[in-house]
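In what follows, a structure is listed as structure tokens, so that the remarks can point back to it.
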Amino acid sequence: MALAFTKWQGCGNDFVLIDARTAGLPENAAGLSRRVCDRHYGIGADGLIFVLPSKSADFCMRIFNADGSEAEMCGNGIRCFARLVYDEGMTESNHFTVETGAGILTPSIVKKNGQITGIKVDMGEPVLEAKHIPVEGFGDKRVISEAIEVLEKRYEATCVSMGNPHCVIFVDNIDDIEIERVGPAFERHDWFPKRTNTEFVVVRDREHLRMRVWERGASITLACGTGACASLVAAVLNGYTERCAEVELDGGRLTVEWMKNNNHIYMTGPAEKIFSGILEEEERC
Ligand code: ZDR
């Protein structure tokens, strides 16, 4: 069977998107994601995203990491998803609803002089109670600047769920952190029954953060949308920034705002199509 796909990136976090509104989610979605995301034997991506029909929203998004695990949400992915459904004429509105594992979220296409300049997503409310993130050992308390030991070193962690789990570590110098060594140990630390994404963040000033990420199921990536939102929430909870800040990632910049009036987070950033193609669904020998 042949599958049509498009490849997208948002701040260098790259995804293969498949329109599965008619065919539905393939049975082998996890295996397909591992194969498609492989940078040597596949197309190469951080994740595989399906566009699906929804009973409760205009569309449904499902995202699989490069290791085949399914994530509840993906911030950079939903911007790519939004731009795809808009560019391909699957909707005529520049404002629509998407069912995700983090609930129903609302992306909007941002235009200036008729040109698309980015995508703004209402990412909903952050989840701060430990047992819902989930983080073991804190009950329904918040985890703000709590000591965690990883590979015999002590860090202070602030944990936030944006639908998917995040552990935010503020550091003085981002180059001091060997992310490829400590990232996997955070991901599988006893605190995190569903594993975790981990962000290492420098506070530049009250409106700027610098962030690098180790992603659950995808290793180091150039950017993480939900991670940028979690980092801003963690920075506000620790009193480091205002409620709106620019987050500088390895692959680009995102603007994140945590509104006081409705507790929602708004993330704005780019989404670009790279190419399209046909995937021959043959087993490799
Ligand atoms: C971090 C992410 N790329 C984004 O932009 O939000 C989401 C991917 C899913 C993540 N690896 C997870 O939660 O397993």
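We label chains A, B, ... in the order they appear in the structure tokens, count residues from 1 in each chain, and number ligands from 1 in the order shown.
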Skip A:Phe170 itself and residues of its chain fewer than 5 positions away, then list as an MDAnalysis selection string all residues within 10 Å of it, counting only C-alpha atoms.
chainID A and resid 145 155:158 199:203 209:211 231 234:235 238 240
Can I get the selection written as a compact mmCIF listing (two decimals), in the first residue's frame, with all heavy atoms?
```txt
# COMPACT_ATOMS: atom_id res chain seq x y z
N SER A 145 10.56 23.65 42.29
CA SER A 145 11.93 23.71 42.81
C SER A 145 12.17 22.66 43.89
O SER A 145 12.64 22.97 44.97
CB SER A 145 12.18 25.11 43.39
OG SER A 145 13.05 25.79 42.54
N TYR A 155 19.61 18.36 41.37
CA TYR A 155 19.03 19.44 40.57
C TYR A 155 17.76 19.91 41.28
O TYR A 155 17.23 19.20 42.13
CB TYR A 155 18.63 18.95 39.18
CG TYR A 155 19.76 18.39 38.36
CD1 TYR A 155 20.15 17.06 38.49
CD2 TYR A 155 20.42 19.18 37.42
CE1 TYR A 155 21.19 16.53 37.74
CE2 TYR A 155 21.46 18.66 36.65
CZ TYR A 155 21.83 17.34 36.81
OH TYR A 155 22.86 16.84 36.06
N GLU A 156 17.26 21.08 40.88
CA GLU A 156 15.95 21.51 41.39
C GLU A 156 14.96 21.47 40.25
O GLU A 156 15.17 22.09 39.20
CB GLU A 156 16.06 22.91 41.99
CG GLU A 156 16.74 22.83 43.32
CD GLU A 156 16.83 24.14 44.05
OE1 GLU A 156 16.39 25.17 43.51
OE2 GLU A 156 17.35 24.13 45.17
N ALA A 157 13.89 20.72 40.46
CA ALA A 157 12.93 20.46 39.39
C ALA A 157 11.60 21.14 39.65
O ALA A 157 11.09 21.14 40.76
CB ALA A 157 12.71 18.95 39.28
N THR A 158 11.03 21.70 38.56
CA THR A 158 9.66 22.19 38.60
C THR A 158 8.91 21.40 37.52
O THR A 158 9.36 21.36 36.36
CB THR A 158 9.60 23.71 38.32
OG1 THR A 158 10.35 24.36 39.35
CG2 THR A 158 8.17 24.23 38.32
N GLU A 199 13.43 19.80 30.27
CA GLU A 199 13.92 21.06 29.69
C GLU A 199 14.99 21.65 30.59
O GLU A 199 14.80 21.74 31.81
CB GLU A 199 12.78 22.08 29.56
CG GLU A 199 11.79 21.76 28.44
CD GLU A 199 10.80 20.64 28.78
OE1 GLU A 199 10.50 20.47 29.97
OE2 GLU A 199 10.36 19.94 27.85
N PHE A 200 16.10 22.08 30.00
CA PHE A 200 17.16 22.77 30.72
C PHE A 200 17.07 24.24 30.27
O PHE A 200 17.14 24.53 29.07
CB PHE A 200 18.52 22.15 30.39
CG PHE A 200 18.56 20.69 30.82
CD1 PHE A 200 18.24 19.69 29.91
CD2 PHE A 200 18.85 20.35 32.12
CE1 PHE A 200 18.22 18.35 30.31
CE2 PHE A 200 18.83 19.03 32.53
CZ PHE A 200 18.52 18.02 31.63
N VAL A 201 16.87 25.12 31.24
CA VAL A 201 16.47 26.49 30.91
C VAL A 201 17.36 27.52 31.61
O VAL A 201 17.61 27.42 32.81
CB VAL A 201 15.00 26.72 31.34
CG1 VAL A 201 14.54 28.13 30.99
CG2 VAL A 201 14.08 25.69 30.68
N VAL A 202 17.80 28.51 30.84
CA VAL A 202 18.51 29.66 31.39
C VAL A 202 17.56 30.86 31.33
O VAL A 202 16.92 31.09 30.30
CB VAL A 202 19.78 29.97 30.55
CG1 VAL A 202 20.44 31.26 31.03
CG2 VAL A 202 20.75 28.81 30.61
N VAL A 203 17.46 31.60 32.44
CA VAL A 203 16.64 32.82 32.44
C VAL A 203 17.55 33.94 31.97
O VAL A 203 18.50 34.32 32.66
CB VAL A 203 16.11 33.13 33.87
CG1 VAL A 203 15.27 34.41 33.85
CG2 VAL A 203 15.31 31.95 34.41
N LEU A 209 13.77 33.45 27.76
CA LEU A 209 14.33 32.19 28.26
C LEU A 209 15.12 31.54 27.13
O LEU A 209 14.80 31.71 25.96
CB LEU A 209 13.20 31.23 28.67
CG LEU A 209 12.28 31.67 29.82
CD1 LEU A 209 11.14 30.66 29.97
CD2 LEU A 209 13.07 31.77 31.12
N ARG A 210 16.14 30.78 27.51
CA ARG A 210 16.89 29.96 26.55
C ARG A 210 16.67 28.51 27.00
O ARG A 210 16.86 28.21 28.18
CB ARG A 210 18.37 30.33 26.61
CG ARG A 210 19.32 29.35 25.94
CD ARG A 210 19.35 29.54 24.43
NE ARG A 210 20.31 28.62 23.83
CZ ARG A 210 19.96 27.51 23.16
NH1 ARG A 210 18.71 27.19 23.00
NH2 ARG A 210 20.89 26.74 22.62
N MET A 211 16.25 27.65 26.10
CA MET A 211 15.87 26.30 26.51
C MET A 211 16.45 25.23 25.58
O MET A 211 16.49 25.42 24.38
CB MET A 211 14.33 26.22 26.46
CG MET A 211 13.75 24.92 26.93
SD MET A 211 12.02 24.79 26.34
CE MET A 211 12.25 23.44 25.18
N SER A 231 8.14 25.50 30.35
CA SER A 231 9.25 26.30 30.89
C SER A 231 8.78 27.68 31.32
O SER A 231 9.22 28.22 32.34
CB SER A 231 10.36 26.43 29.84
OG SER A 231 10.88 25.16 29.56
N ALA A 234 6.88 27.27 34.52
CA ALA A 234 7.83 27.02 35.62
C ALA A 234 8.54 28.31 36.00
O ALA A 234 8.77 28.59 37.19
CB ALA A 234 8.83 25.95 35.21
N ALA A 235 8.90 29.13 35.01
CA ALA A 235 9.60 30.39 35.28
C ALA A 235 8.70 31.35 36.06
O ALA A 235 9.14 32.03 36.99
CB ALA A 235 10.06 31.03 33.97
N ASN A 238 8.29 30.22 39.67
CA ASN A 238 9.49 30.48 40.48
C ASN A 238 9.79 31.98 40.59
O ASN A 238 10.81 32.36 41.19
CB ASN A 238 10.70 29.75 39.87
CG ASN A 238 10.70 28.27 40.23
OD1 ASN A 238 11.00 27.90 41.36
ND2 ASN A 238 10.33 27.42 39.27
N TYR A 240 10.65 34.03 38.12
CA TYR A 240 11.79 34.44 37.28
C TYR A 240 11.40 35.36 36.12
O TYR A 240 12.22 36.12 35.63
CB TYR A 240 12.49 33.22 36.69
CG TYR A 240 13.13 32.30 37.70
CD1 TYR A 240 13.27 30.94 37.41
CD2 TYR A 240 13.61 32.77 38.92
CE1 TYR A 240 13.87 30.07 38.32
CE2 TYR A 240 14.20 31.91 39.83
CZ TYR A 240 14.33 30.58 39.53
OH TYR A 240 14.91 29.72 40.42
```
Show me which residues are within 9 Å of ligand 1 counting only C-alpha atoms and all ligand atoms, and format the list as a ChimeraX atom specification.
/A:10,13-14,46-47,63-66,69-78,162-166,195-197,213-219,221-229
I need the residues of stretch 110-243 of chain A that end up classed as alpha helix (DSSP H) by DSSP on the backbone, written out as a list in words.
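The alpha helix (DSSP H) subset of stretch 110-243 of chain A is Ile179, Glu180, Arg181, Val182, Gly183, Pro184, Ala185, Phe186, Glu187, Gly225, Thr226, Gly227, Ala228, Cys229, Ala230, Ser231, Leu232, Val233, Ala234, Ala235, Val236 and Leu237 of chain A.
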Output C-alpha atoms for every residue in the selection just made, as a PDB file, in the first residue's frame.
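The result, stored in again.pdb:
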```pdb
ATOM      1  CA  ILE A 179      22.018  16.532  27.800  1.00  0.00           C
ATOM      2  CA  GLU A 180      22.724  13.268  25.946  1.00  0.00           C
ATOM      3  CA  ARG A 181      24.063  11.792  29.214  1.00  0.00           C
ATOM      4  CA  VAL A 182      21.619  13.146  31.814  1.00  0.00           C
ATOM      5  CA  GLY A 183      18.499  13.363  29.587  1.00  0.00           C
ATOM      6  CA  PRO A 184      17.849   9.592  29.453  1.00  0.00           C
ATOM      7  CA  ALA A 185      18.320   9.346  33.238  1.00  0.00           C
ATOM      8  CA  PHE A 186      15.707  12.065  33.824  1.00  0.00           C
ATOM      9  CA  GLU A 187      13.380  10.410  31.276  1.00  0.00           C
ATOM     10  CA  GLY A 225       6.517  23.490  21.904  1.00  0.00           C
ATOM     11  CA  THR A 226       4.898  21.957  24.965  1.00  0.00           C
ATOM     12  CA  GLY A 227       8.332  22.190  26.645  1.00  0.00           C
ATOM     13  CA  ALA A 228       8.530  25.930  25.893  1.00  0.00           C
ATOM     14  CA  CYS A 229       5.062  26.373  27.463  1.00  0.00           C
ATOM     15  CA  ALA A 230       6.036  24.268  30.500  1.00  0.00           C
ATOM     16  CA  SER A 231       9.250  26.298  30.888  1.00  0.00           C
ATOM     17  CA  LEU A 232       7.374  29.617  30.890  1.00  0.00           C
ATOM     18  CA  VAL A 233       4.916  28.279  33.481  1.00  0.00           C
ATOM     19  CA  ALA A 234       7.825  27.021  35.623  1.00  0.00           C
ATOM     20  CA  ALA A 235       9.599  30.391  35.285  1.00  0.00           C
ATOM     21  CA  VAL A 236       6.480  32.273  36.413  1.00  0.00           C
ATOM     22  CA  LEU A 237       5.900  29.876  39.337  1.00  0.00           C
TER      23      LEU A 237
END
```
Spatial neighbours of A:Trp258, 6 Å, only C-alpha atoms, chain gap at least 4 places, as a list in words
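Answer for this query is Arg243, His264 and Ile265 of chain A.
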Calculate how many Å separate atom CA of A:Ser276 from atom CA of A:Val247, rounding to one decimal.
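It comes out at 29.3 Å.
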Residue nearest A:Ala102 - candidates A:Pro53, A:Lys120, A:Gly68, A:Arg62, atoms counted: only C-alpha atoms:
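Checking each candidate against A:Ala102, we get A:Arg62 as the closest.
When atom CA of A:Ile144 is paired with atom CA of A:Arg206, their separation reads 18.4 Å.
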Provide the atom CA of A:Asp87 to atom CA of A:Thr6 distance in Å, to one decimal place.
11.8 Å
